[in-house]
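Structure first, then comments.
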Amino acid sequence: MDRLIGKIEGDGAVTVVFTAAIHGNEPSGYHALKRLFDGYSGESIQGSVYGLIGNVGAFEQDVRFLEKDLNRIWTVDAAQEIEAGTKTLSTTFDEDREQVELYAQVKEIMSQAEGELIFVDLHSVSSETCPFITINDTLRNRRLSKKIGVPIVLGLEEYIRGSFLNRVNRLGYTAIGFEGGNHRAANTVQNQYAFIHLILQYTGVMNLSHQDLQHHHNQLSSSLKSSFYEVRFRQVIEPKEVFVMEPGYANFDFIEVNEHLARLNNSPVAAPFRGRILMPLYQPKGNDGFFIVRPILGVALWLSARLRKLPWSPLLRCLPGVRRVQNRPGRLQVNRRIARFLVIPLFHLLGFQCRHQTQDYLVFDPREINPV
């Protein structure tokens, strides 16, 4: 299959790049984009739109991935290898080849884009769910996401390393993930199609009629209001471990502390605290059993947006236990033996992302990055 699903190149300074099927068993984004491009009749748009298949080989075989998860290998080191041309594709995994080819196509689009560049990654999940958005918590991502009117989840990037959108975000671009529904649900393609149009409307690429705009919002509406949630826990599945989720859980279901949620190697897995469950795993492949999220107070979001306008890095370095990491602009390391209370919530409030943590240290990067 051709990796390029379609493209529309019009007048305007905004370029929107949609990726679909970066997990090959999530076909709804592809079908929604195919419908968009096949139905385009030449009307004027204010910008350019591209649709790309993420993992062509896995998509053709209708599996999440062939040898390793393509949405977990976008590390800084991997990007540097690709840029330097040092990946030897004849001896690497299929997903390494997919990564190199996808990266080349994205870089070509980047080189041609003259104005704002926005990335949108289309997904679905193995459980029942309402549509929702996942983002790195940058102010630009927030502003665009809030206009869609669905729940927004922050903080997945602190638990999932090497995602495609996280890499794009670290380059300084707006990047939004969308979970359109269950992999095989009848309305998931419709949800993706509505979301694509809303993104194009609110980025200024399209100018929808009031009737069409309302129709697409209605398509995505659910009983769960448009609120922000933060990931607070991830159930990890290590290689060769056997994980079985208890049946019947849907995204954003309430769970109680010690509630029996799953079995891992035939031992019970209980919820460590109250919250809402997110993306319970009901498929054979994947290393994330489930997540637990909690709502974020509106006042915390309002305060953090204002605090981020201040230059916190040099100020924080004056605190006990905080020091700058050499050769990493803005990166801070915190000694947990000295700074012992509410460190992560404080740094989140000030606009930092926890990149790494050990028993002794926490490492933070600023979230707000200018495009390179």
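Letters for chains follow the order of the structure tokens (A, B, ...), residue numbers begin at 1 for each chain, and ligand numbers begin at 1 in the order shown.
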> So which residues touch region 145-159 of chain A within 8 Å, counting only C-alpha atoms, skipping near sequence neighbours fewer than 2 positions away, as a ChimeraX atom specification?
Replying inline: /A:131-137,141-143,161,163,166,176,195,198-199,202,217,220-222,224-231,234,293,353-356
Region 43-60 of chain A surroundings by only C-alpha atoms, 7 Å radius, close-in-sequence under 6 positions cut, as a PDB file with N, CA and C atoms, in the first residue's frame:
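Writing the result to around_34.pdb gives the following:
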```
ATOM      1  N   MET A   1       0.832  -1.193   0.000  1.00  0.00           N
ATOM      2  CA  MET A   1       0.000   0.000   0.000  1.00  0.00           C
ATOM      3  C   MET A   1       0.865   1.241   0.000  1.00  0.00           C
ATOM      4  N   ARG A   3       1.898   4.690   1.435  1.00  0.00           N
ATOM      5  CA  ARG A   3       1.785   5.288   2.763  1.00  0.00           C
ATOM      6  C   ARG A   3       0.942   6.557   2.731  1.00  0.00           C
ATOM      7  N   LEU A   4       0.964   7.278   1.629  1.00  0.00           N
ATOM      8  CA  LEU A   4       0.197   8.506   1.503  1.00  0.00           C
ATOM      9  C   LEU A   4      -1.254   8.165   1.174  1.00  0.00           C
ATOM     10  N   ILE A   5      -2.151   8.445   2.111  1.00  0.00           N
ATOM     11  CA  ILE A   5      -3.583   8.212   1.878  1.00  0.00           C
ATOM     12  C   ILE A   5      -4.124   9.251   0.915  1.00  0.00           C
ATOM     13  N   GLY A   6      -3.694  10.488   1.064  1.00  0.00           N
ATOM     14  CA  GLY A   6      -4.132  11.558   0.188  1.00  0.00           C
ATOM     15  C   GLY A   6      -3.564  12.883   0.641  1.00  0.00           C
ATOM     16  N   LYS A   7      -3.725  13.888  -0.195  1.00  0.00           N
ATOM     17  CA  LYS A   7      -3.281  15.232   0.163  1.00  0.00           C
ATOM     18  C   LYS A   7      -4.133  16.256  -0.556  1.00  0.00           C
ATOM     19  N   ILE A   8      -4.299  17.391   0.080  1.00  0.00           N
ATOM     20  CA  ILE A   8      -4.971  18.542  -0.503  1.00  0.00           C
ATOM     21  C   ILE A   8      -4.065  19.733  -0.242  1.00  0.00           C
ATOM     22  N   GLU A   9      -3.633  20.372  -1.281  1.00  0.00           N
ATOM     23  CA  GLU A   9      -2.721  21.503  -1.135  1.00  0.00           C
ATOM     24  C   GLU A   9      -3.418  22.765  -1.632  1.00  0.00           C
ATOM     25  N   GLY A  10      -3.729  23.667  -0.699  1.00  0.00           N
ATOM     26  CA  GLY A  10      -4.427  24.885  -1.048  1.00  0.00           C
ATOM     27  C   GLY A  10      -3.659  26.110  -0.614  1.00  0.00           C
ATOM     28  N   ASP A  11      -4.317  27.247  -0.768  1.00  0.00           N
ATOM     29  CA  ASP A  11      -3.712  28.494  -0.327  1.00  0.00           C
ATOM     30  C   ASP A  11      -3.837  28.615   1.185  1.00  0.00           C
ATOM     31  N   GLY A  12      -2.833  29.189   1.808  1.00  0.00           N
ATOM     32  CA  GLY A  12      -2.874  29.364   3.252  1.00  0.00           C
ATOM     33  C   GLY A  12      -1.616  28.854   3.909  1.00  0.00           C
ATOM     34  N   ALA A  13      -1.393  29.299   5.135  1.00  0.00           N
ATOM     35  CA  ALA A  13      -0.122  29.042   5.807  1.00  0.00           C
ATOM     36  C   ALA A  13      -0.174  27.882   6.786  1.00  0.00           C
ATOM     37  N   VAL A  14      -1.326  27.222   6.938  1.00  0.00           N
ATOM     38  CA  VAL A  14      -1.460  26.131   7.909  1.00  0.00           C
ATOM     39  C   VAL A  14      -1.370  24.789   7.189  1.00  0.00           C
ATOM     40  N   THR A  15      -0.570  23.887   7.730  1.00  0.00           N
ATOM     41  CA  THR A  15      -0.479  22.518   7.216  1.00  0.00           C
ATOM     42  C   THR A  15      -0.859  21.555   8.328  1.00  0.00           C
ATOM     43  N   VAL A  16      -1.826  20.683   8.056  1.00  0.00           N
ATOM     44  CA  VAL A  16      -2.259  19.677   9.023  1.00  0.00           C
ATOM     45  C   VAL A  16      -1.887  18.300   8.494  1.00  0.00           C
ATOM     46  N   VAL A  17      -1.151  17.547   9.311  1.00  0.00           N
ATOM     47  CA  VAL A  17      -0.718  16.201   8.936  1.00  0.00           C
ATOM     48  C   VAL A  17      -1.442  15.199   9.837  1.00  0.00           C
ATOM     49  N   PHE A  18      -2.286  14.370   9.230  1.00  0.00           N
ATOM     50  CA  PHE A  18      -2.975  13.304   9.949  1.00  0.00           C
ATOM     51  C   PHE A  18      -2.224  11.994   9.738  1.00  0.00           C
ATOM     52  N   THR A  19      -2.012  11.254  10.828  1.00  0.00           N
ATOM     53  CA  THR A  19      -1.484   9.899  10.723  1.00  0.00           C
ATOM     54  C   THR A  19      -2.537   8.932  11.241  1.00  0.00           C
ATOM     55  N   ALA A  20      -2.645   7.794  10.594  1.00  0.00           N
ATOM     56  CA  ALA A  20      -3.604   6.760  10.983  1.00  0.00           C
ATOM     57  C   ALA A  20      -2.907   5.418  10.957  1.00  0.00           C
ATOM     58  N   ALA A  21      -3.436   4.470  11.725  1.00  0.00           N
ATOM     59  CA  ALA A  21      -2.928   3.092  11.729  1.00  0.00           C
ATOM     60  C   ALA A  21      -1.452   3.019  12.071  1.00  0.00           C
ATOM     61  N   ILE A  22      -0.985   3.878  12.976  1.00  0.00           N
ATOM     62  CA  ILE A  22       0.358   3.671  13.512  1.00  0.00           C
ATOM     63  C   ILE A  22       0.361   2.381  14.335  1.00  0.00           C
ATOM     64  N   HIS A  23      -0.821   2.001  14.813  1.00  0.00           N
ATOM     65  CA  HIS A  23      -1.106   0.637  15.262  1.00  0.00           C
ATOM     66  C   HIS A  23      -1.972  -0.003  14.182  1.00  0.00           C
ATOM     67  N   GLY A  24      -1.493  -1.089  13.598  1.00  0.00           N
ATOM     68  CA  GLY A  24      -2.120  -1.627  12.404  1.00  0.00           C
ATOM     69  C   GLY A  24      -3.517  -2.166  12.574  1.00  0.00           C
ATOM     70  N   ASN A  25      -3.928  -2.478  13.809  1.00  0.00           N
ATOM     71  CA  ASN A  25      -5.279  -2.995  14.034  1.00  0.00           C
ATOM     72  C   ASN A  25      -6.271  -1.889  14.390  1.00  0.00           C
ATOM     73  N   LEU A  33     -10.057   9.156   6.778  1.00  0.00           N
ATOM     74  CA  LEU A  33      -9.240  10.005   5.904  1.00  0.00           C
ATOM     75  C   LEU A  33      -9.481   9.665   4.432  1.00  0.00           C
ATOM     76  N   LEU A  66       4.077  -5.763  13.954  1.00  0.00           N
ATOM     77  CA  LEU A  66       4.656  -7.020  13.493  1.00  0.00           C
ATOM     78  C   LEU A  66       5.698  -7.541  14.471  1.00  0.00           C
ATOM     79  N   GLU A  98       9.496   0.866   8.801  1.00  0.00           N
ATOM     80  CA  GLU A  98       8.313   1.725   8.792  1.00  0.00           C
ATOM     81  C   GLU A  98       8.645   3.103   9.367  1.00  0.00           C
ATOM     82  N   LEU A 102       8.300   6.550   7.306  1.00  0.00           N
ATOM     83  CA  LEU A 102       7.347   7.545   7.786  1.00  0.00           C
ATOM     84  C   LEU A 102       8.053   8.852   8.120  1.00  0.00           C
ATOM     85  N   GLY A 204      -8.521  26.684  10.875  1.00  0.00           N
ATOM     86  CA  GLY A 204      -8.739  27.658   9.813  1.00  0.00           C
ATOM     87  C   GLY A 204      -8.556  27.135   8.412  1.00  0.00           C
ATOM     88  N   VAL A 205      -8.351  25.811   8.282  1.00  0.00           N
ATOM     89  CA  VAL A 205      -8.140  25.236   6.957  1.00  0.00           C
ATOM     90  C   VAL A 205      -9.465  25.146   6.191  1.00  0.00           C
ATOM     91  N   MET A 206     -10.544  24.807   6.893  1.00  0.00           N
ATOM     92  CA  MET A 206     -11.874  24.728   6.292  1.00  0.00           C
ATOM     93  C   MET A 206     -12.793  25.753   6.940  1.00  0.00           C
TER      94      MET A 206
END
```
Contacts of region 273-277 of chain A at 12 Å (only C-alpha atoms; same-chain gap of 6+ positions) as a CSV table (one decimal) with C-alpha atoms, in the first residue's frame:
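Result file out_12.csv:
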```csv
chain,number,residue,atom,x,y,z
A,127,SER,CA,-12.5,-1.3,25.2
A,128,GLU,CA,-15.8,0.5,24.9
A,129,THR,CA,-15.3,4.3,25.0
A,153,VAL,CA,-6.2,13.4,28.9
A,224,LEU,CA,-18.9,12.7,29.8
A,229,TYR,CA,-7.9,14.5,33.2
A,230,GLU,CA,-4.4,13.6,34.3
A,231,VAL,CA,-2.9,10.2,34.2
A,232,ARG,CA,-1.9,9.1,37.7
A,233,PHE,CA,-1.1,5.4,37.3
A,234,ARG,CA,0.0,2.9,34.6
A,235,GLN,CA,-0.3,-0.9,34.9
A,245,MET,CA,-8.4,-7.7,32.1
A,248,GLY,CA,-16.9,-5.2,31.3
A,249,TYR,CA,-14.7,-2.1,31.9
A,250,ALA,CA,-15.2,0.9,29.6
A,251,ASN,CA,-13.1,4.0,29.4
A,252,PHE,CA,-13.7,6.5,32.2
A,253,ASP,CA,-15.6,4.0,34.4
A,254,PHE,CA,-15.3,4.9,38.1
A,255,ILE,CA,-13.1,2.4,40.1
A,256,GLU,CA,-12.6,2.1,43.8
A,257,VAL,CA,-9.4,1.5,45.8
A,258,ASN,CA,-8.6,-2.2,45.9
A,259,GLU,CA,-11.1,-3.0,43.2
A,260,HIS,CA,-10.1,-6.2,41.4
A,261,LEU,CA,-9.4,-5.1,37.8
A,262,ALA,CA,-7.3,-7.9,36.2
A,289,GLY,CA,-2.7,-3.0,31.0
A,290,PHE,CA,-4.7,0.0,32.0
A,291,PHE,CA,-4.3,3.6,33.3
A,292,ILE,CA,-6.0,5.4,36.1
A,293,VAL,CA,-6.9,9.1,35.6
A,294,ARG,CA,-8.3,11.8,37.8
A,295,PRO,CA,-10.0,15.1,36.8
A,296,ILE,CA,-7.9,18.3,37.0
```
>> According to DSSP computed on the backbone, where in region 87-140 of chain A is there alpha helix (DSSP H)? Give the residues as a list in words.
In response: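 Result set for region 87-140 of chain A (alpha helix (DSSP H)): Asp94, Glu95, Asp96, Arg97, Glu98, Gln99, Val100, Glu101, Leu102, Tyr103, Ala104, Gln105, Val106, Lys107, Glu108, Ile109, Met110, Ser111, Gln112, Leu139 and Arg140 of chain A.
Take CA of Leu342 (chain A) and CA of Leu303 (chain A): the distance between them is 16.5 Å.
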> Got a sec: who's within 9 Å of Thr75 (chain A), counting only C-alpha atoms, leaving out chain neighbours fewer than 2 positions off, as a ChimeraX atom specification?
Replying inline: /A:72-73,77-80,161-164,166-167
